[in-house]
Every structure is written in structure tokens, then in C-alpha cells.
Amino acid sequence: MKKIRNILMAAAAILSVAACSEKALDKVNEDVNHAKDANAKFTFADLCLSTAYTAVGGDFNTYLGVAVEHWSGVHNQLYKAEKRDGEWISSSCFNNAWSGVYYTLGNCRVVIAKTEKDSGAAPEDEGNTALNAAAKVLYAYNSAILTDLFGDIPYSQACNYNEYKTPALDKQEDIYKDIYKNLDEAIAQLDGQAKLGIGAYDFIYNDDATKWLKFAYGLRARLTMRTILRASDKTAAYNQIIADADKSFTSAAEQAQFAKYDGDNQLNPLFMYWYSREGIAASQSLADKLADRNDPRQNMIFSTPGDCEYVAPGDAECVPNGEGEEIQEAYTDYCFFLALDAPTYLLSYAEVQFLKAEALARKGDDAGAKAAAKAGIEAAFDIHNQNVESAINTWGYTYEDDLLDAAAADAYYTAVVDTKTGDALLGEIMVQKYLSFLGANGGSVEAYNDVRRLKAEGKNYITLANPKNTDSFPLRCGYGSSDTTTNPNVQQAFGDGSYVYKEPVWWANGTR
């Protein structure tokens, strides 16, 4: 009996130790170093950063700058993109950006949900109408980036992997309906609001809700023009664009930009790519456009390969588009490759003015179009100055002329734009808009959207020189490998990737 009692006591001791061990192991498996939740303002700050760095200024901008010949690829992946050597039809090409924008969309939904009325979130989040609206603006912005570049995408079922592990693709037309719904709601909610209530955690406007409202109007103007070929009433659409542009930015001081690059821990993404890879150089077709117009910007932007010494335009050795060699530090660079603290523009004042100018020109209002184009050119020259100044301040860049002032912009406008009318005027407005996107500010994505829209319309205002464009101009980006390898719906849509060269997106008169 004593022996049995001892056995039972030993067993109880073992079970007690086992129970303690299980509790200890439970604690070991807990992540005690990271918060399980956070106030909406912290997530919103990340939204501002990820939108600027991933959706606007990152891989999309770098690759698409090659497609629209803002610059040319001269090494590794960007050289392959230049030569159309498999890069555009590879699911690995845009995978990081693809996944990154979905990460941003997921966080947008988190902020929107927390700031709804009766959300049950923290008191400072629940019912914060202005912050809810600003998050909807960024949600619409990132949604548009994804569907503009990829066409039909996982959307309504996306970012909800507990319920949808292999989300279905939504049609681009339906996605745009939801984008407009979010923008319209945001505009209504922001009307009359002064602050978001999150202070400096708003990295775009430092808590100014009135500027978020202007951003929303400008974004709606951009997207209405984007989908103009699908508009049932184009005159009404042009009137809407003009009205929204008039309610948007009144100067560059109000434009939507991420200007937090400090030259130390946070650096401009185009600079980061160039500095680590040196895979791009100056484009010959871009240089030709500047030379054809005697554009004074050509007198400042060219620099020696590998560093930042001034090169006069006549001495620049630019890449012959599609026919250059794969060699680093041989062709001329742009000084703004080294603009490490240049801001990223989500939407610039210059772009809003060019949108208004295009709408007015398409309505036959040449005088109104010219006034808006003049304002756009003046703002574009300021963007140019900003990029050059960054190179000056960080690398001691020197050049022969002064920065371009309003008088230089006006003289250029008079010589290049003011004499044109009708279709010639419209064409020059589109070229000037294209040139305004040149820089370290993330403009190549929007230039790419314009090129595709005009291509679908049968307009060749923005001429591109790469001979491979005849049969292999990328009409869209290819889905990311994180989904082509795990989601049968995306895998089927991707196929062998060749659709990238064959099928335009819905708003460019395609089917998906």
C-alpha cells in the first residue's frame, strides 16, 4: 500500500511539473515585444509612408520610368526591362510592390473600421469622421494604383485571409465604382472639417483636414480623366474634372506630398535604387523632347555617370532607347538621381492644372486651356528647381545657369504652347504634363497611365523611341508571384505572362 501511495505521489508531482511547464511554454510562445493593437493615428502614419514609398516612388516608378522613357535601363533587371527580355512578363518583377500595396490596403481598412461610428475602438478613434475620410482617400488612391497597373485584381475578398485564402478577382469596372464611392464619401465627410485630430502623425498634411479635402477633389479629377474613354457623357465628365480641379489645390503649398526624407534614415526611393544599383541612365528620347523645344530644363539636369558633375546637353551621352549596352557608369545620368531628400508627390499642383488644361482643350476652350497649362508649366519648373536644389545641397552639384524663375517659365510657355490651337494645343499639353513628371518625385507611374490612355485613343502625342514598342510595349504590369504561386484565381489570370503585351486594361478599352 505504501508503495502504491508513493507511486501516486510521484505521478502527481510529475503532472504538476508538466502543468507548470505547459504554462511556461504558453508564455514562451507569446509575443510580448510587439503590440497586438494600436491607435488609428499610428497606423495612419504608416499609411502615408507606405503609399509614398511603395505605391508611388518605389519599383512601379522605377520600372515604368523605363517604359515611358523618362530614363533607360542599363543594368540587370532594368536593362532587361529596357530590352523587353522577359522582365515584364515575370511574376517576380513587381512582386514586392504588389504585396506592399496590399499591405497598405489592409491597413487602410483597419483605420476605416476603427474610426467608424460605434466601432467599439478607443475613444479617440471611434467616430473620428475626418480621419475616417482621410483613410478612405488613401484607400481609393492605393486601390487605383493596383487596378490601374494590373487590371482585374483580388479586391472585395482581399486582405481578409481568415475568410478568403484564395480571393477571387474583381473586374476593374466594379473596382472603380467602389473607388468613386469611397472618394465621394470622403469628400462629404471632410467638408467643414478643420483637423484630423492626430497631429504630426499625419505625414502628408500635418493634421490639416481642409487640404485632405482638396487632395480628394484633385484625385477624383485624375481618376475621372483616367476613365474618360468609358464615360457615357464625356462633356459632363470634362465639366466634372474642371470643377474638381477648381476645388483642389490653389498652389504647390497645398499639393499632396511626402516630404519626410531626411537625408539620413529615410531617403528618396529613386535615389535609394540608383545609389545601390546604378541600373538607369538618361534617355535619348527624353533629351530629344527637351532639345526640340529648347527647354531650359535641359541645361541643368544632365550629370556625369556615377557622380554629380554637370554635363551640358550637347555633351550628354544618353542611352539610345532599346538599343543601349548593359554597362554601368558609361552613359550620362540625371542630377536628380542623387536628390536624396526630394519629396514624393502623391498628387501635385502641376498635375491638377494639366488635368484642367486637358479637359478645357478637349471642350474646345483654347483660352482656358492655355491659362491652366501656363500655371502647370510654372509649377513644373518649380518641381525641376526642387530636384536640382536637392542635388546642389547634398552633393555640391554645380551648373552654368540660375534656377528657373517665373519669367523663364512664362517665356517658355509663350514660345512652345501659346501659339498652338486645337489638337496641336492638346498634344502639347500632354507633352508638358509628361515632362512635368520627370524627376525623383514618383511621376513616372502617372505618365505611364497617360501614355496608355492616349494609346487606346489612337493618339501619339507622347512619342516613344524604343523600337521594341512595336510588339512589346507593356500594356500593364504582371501579377506578383506571391499570388501567382498560391492563388489559383490569379495564377489562371496570369498564365504565361504574355498577356502583359497584348491586353490593355478596361479603362484603356480592354476587357480586364
# chains A, B, ... in the order shown; residues from 1 in each chain; ligands from 1

$ residues_around --residues "segment 235-250 of chain A" --least-positions-apart "4" --cutoff "7 Å" --atoms "only C-alpha atoms" --output "list in words"
Lys214, Phe215, Tyr217, Gly218, Ala221, Thr224, Ala231, Glu254, Gln255, Tyr349, Val352, Lys356 and Ala359 of chain A

$ select_by_dssp --residues "segment 196-275 of chain A" --states "helix (DSSP H, G or I)" --output "number ranges by chain"
A: 199-201, 209-226, 228-230, 234-247, 252-254, 269-275

$ write_last_selection --atoms "C-alpha atoms" --output "PDB file, in the first residue's frame"
ATOM      1  CA  GLY A 199      -1.364  65.960 -35.081  1.00  0.00           C
ATOM      2  CA  ALA A 200       2.046  65.138 -36.534  1.00  0.00           C
ATOM      3  CA  TYR A 201       1.055  61.528 -37.259  1.00  0.00           C
ATOM      4  CA  ALA A 209      -8.326  68.319 -42.976  1.00  0.00           C
ATOM      5  CA  THR A 210      -9.001  71.181 -45.407  1.00  0.00           C
ATOM      6  CA  LYS A 211      -6.045  70.070 -47.515  1.00  0.00           C
ATOM      7  CA  TRP A 212      -7.180  66.448 -47.445  1.00  0.00           C
ATOM      8  CA  LEU A 213     -10.439  67.669 -48.957  1.00  0.00           C
ATOM      9  CA  LYS A 214      -8.552  69.414 -51.753  1.00  0.00           C
ATOM     10  CA  PHE A 215      -6.496  66.263 -52.306  1.00  0.00           C
ATOM     11  CA  ALA A 216      -9.710  64.234 -52.616  1.00  0.00           C
ATOM     12  CA  TYR A 217     -11.110  66.599 -55.239  1.00  0.00           C
ATOM     13  CA  GLY A 218      -7.857  66.509 -57.215  1.00  0.00           C
ATOM     14  CA  LEU A 219      -7.684  62.722 -57.038  1.00  0.00           C
ATOM     15  CA  ARG A 220     -11.242  62.454 -58.326  1.00  0.00           C
ATOM     16  CA  ALA A 221     -10.285  64.725 -61.243  1.00  0.00           C
ATOM     17  CA  ARG A 222      -7.311  62.452 -62.043  1.00  0.00           C
ATOM     18  CA  LEU A 223      -9.402  59.282 -61.976  1.00  0.00           C
ATOM     19  CA  THR A 224     -12.282  60.779 -63.945  1.00  0.00           C
ATOM     20  CA  MET A 225      -9.796  61.630 -66.692  1.00  0.00           C
ATOM     21  CA  ARG A 226      -8.295  58.168 -66.384  1.00  0.00           C
ATOM     22  CA  ILE A 228     -12.701  59.109 -69.799  1.00  0.00           C
ATOM     23  CA  LEU A 229     -12.813  56.588 -72.658  1.00  0.00           C
ATOM     24  CA  ARG A 230     -15.508  54.697 -70.732  1.00  0.00           C
ATOM     25  CA  LYS A 234     -17.680  62.896 -71.982  1.00  0.00           C
ATOM     26  CA  THR A 235     -18.726  66.563 -71.825  1.00  0.00           C
ATOM     27  CA  ALA A 236     -20.204  66.020 -68.361  1.00  0.00           C
ATOM     28  CA  ALA A 237     -17.005  64.204 -67.349  1.00  0.00           C
ATOM     29  CA  TYR A 238     -14.836  67.092 -68.576  1.00  0.00           C
ATOM     30  CA  ASN A 239     -17.019  69.542 -66.661  1.00  0.00           C
ATOM     31  CA  GLN A 240     -16.615  67.398 -63.537  1.00  0.00           C
ATOM     32  CA  ILE A 241     -12.822  67.372 -63.957  1.00  0.00           C
ATOM     33  CA  ILE A 242     -12.728  71.162 -64.305  1.00  0.00           C
ATOM     34  CA  ALA A 243     -14.991  71.661 -61.273  1.00  0.00           C
ATOM     35  CA  ASP A 244     -12.939  69.254 -59.154  1.00  0.00           C
ATOM     36  CA  ALA A 245      -9.680  70.881 -60.251  1.00  0.00           C
ATOM     37  CA  ASP A 246     -11.044  74.269 -59.202  1.00  0.00           C
ATOM     38  CA  LYS A 247     -11.858  72.845 -55.750  1.00  0.00           C
ATOM     39  CA  ALA A 252       2.037  73.985 -54.658  1.00  0.00           C
ATOM     40  CA  ALA A 253       1.822  74.672 -50.924  1.00  0.00           C
ATOM     41  CA  GLU A 254      -1.326  72.519 -50.823  1.00  0.00           C
ATOM     42  CA  PRO A 269      13.276  55.828 -53.124  1.00  0.00           C
ATOM     43  CA  LEU A 270      14.612  56.676 -56.597  1.00  0.00           C
ATOM     44  CA  PHE A 271      17.882  57.753 -55.015  1.00  0.00           C
ATOM     45  CA  MET A 272      17.960  54.530 -52.999  1.00  0.00           C
ATOM     46  CA  TYR A 273      17.579  52.474 -56.177  1.00  0.00           C
ATOM     47  CA  TRP A 274      20.172  54.413 -58.160  1.00  0.00           C
ATOM     48  CA  TYR A 275      22.696  54.562 -55.323  1.00  0.00           C
TER      49      TYR A 275
END

$ atom_distance --atom1 "atom CA of Ser156 of chain A" --atom2 "atom CA of Val101 of chain A"
14.8 Å

$ select_by_dssp --residues "segment 274-452 of chain A" --states "strand (DSSP E or B)" --output "list of chain:residue names"
A:Ile280, A:Ala281, A:Ala282, A:Ser283, A:Phe302, A:Ser303, A:Tyr310, A:Val319, A:Asp333, A:Tyr334, A:Thr344, A:Tyr345, A:Leu346, A:Leu347

$ write_last_selection --atoms "C-alpha atoms" --output "PDB file, in the first residue's frame"
ATOM      1  CA  ILE A 280      19.336  53.522 -65.056  1.00  0.00           C
ATOM      2  CA  ALA A 281      20.700  56.434 -67.087  1.00  0.00           C
ATOM      3  CA  ALA A 282      19.493  59.366 -69.175  1.00  0.00           C
ATOM      4  CA  SER A 283      17.063  58.595 -72.017  1.00  0.00           C
ATOM      5  CA  PHE A 302      22.478  66.091 -67.070  1.00  0.00           C
ATOM      6  CA  SER A 303      25.417  64.884 -64.980  1.00  0.00           C
ATOM      7  CA  TYR A 310      27.433  68.975 -64.609  1.00  0.00           C
ATOM      8  CA  VAL A 319      21.003  55.838 -73.904  1.00  0.00           C
ATOM      9  CA  ASP A 333      22.956  60.432 -65.650  1.00  0.00           C
ATOM     10  CA  TYR A 334      20.418  62.943 -64.360  1.00  0.00           C
ATOM     11  CA  THR A 344       7.415  62.100 -53.363  1.00  0.00           C
ATOM     12  CA  TYR A 345       4.269  63.609 -54.871  1.00  0.00           C
ATOM     13  CA  LEU A 346       1.034  61.715 -54.440  1.00  0.00           C
ATOM     14  CA  LEU A 347      -0.641  64.484 -56.430  1.00  0.00           C
TER      15      LEU A 347
END

$ closest_residue --among "A:Thr227, A:Leu403, A:Tyr499, A:Tyr180" --to "Glu457 of chain A" --atoms "only C-alpha atoms"
A:Thr227

$ residues_around --residues "segment 374-388 of chain A" --least-positions-apart "3" --cutoff "9 Å" --atoms "only C-alpha atoms" --output "PyMOL selection string"
chain A and resi 251-252+297+300-301+335-339+341-343+348-354+357+369-371+391-393+397+403-410+412-414+417-418+432-433+435-441

$ residues_around --residues "Gly263 of chain A" --least-positions-apart "4" --cutoff "9 Å" --atoms "only C-alpha atoms" --output "PDB file with C-alpha atoms, in the first residue's frame"
ATOM      1  CA  LEU A 267      15.836  58.584 -48.227  1.00  0.00           C
ATOM      2  CA  ASN A 268      14.081  59.227 -51.510  1.00  0.00           C
ATOM      3  CA  LEU A 340      18.105  62.012 -51.783  1.00  0.00           C
ATOM      4  CA  ASP A 341      15.684  64.328 -49.938  1.00  0.00           C
ATOM      5  CA  THR A 394      23.568  67.182 -50.840  1.00  0.00           C
TER       6      THR A 394
END

$ residues_around --residues "Asn39 of chain A" --least-positions-apart "4" --cutoff "8 Å" --atoms "only C-alpha atoms" --output "PDB file with C-alpha atoms, in the first residue's frame"
ATOM      1  CA  THR A  43      -1.427  53.045 -38.446  1.00  0.00           C
ATOM      2  CA  ALA A 122     -10.565  53.537 -28.419  1.00  0.00           C
ATOM      3  CA  ASP A 125     -10.637  56.693 -32.722  1.00  0.00           C
TER       4      ASP A 125
END
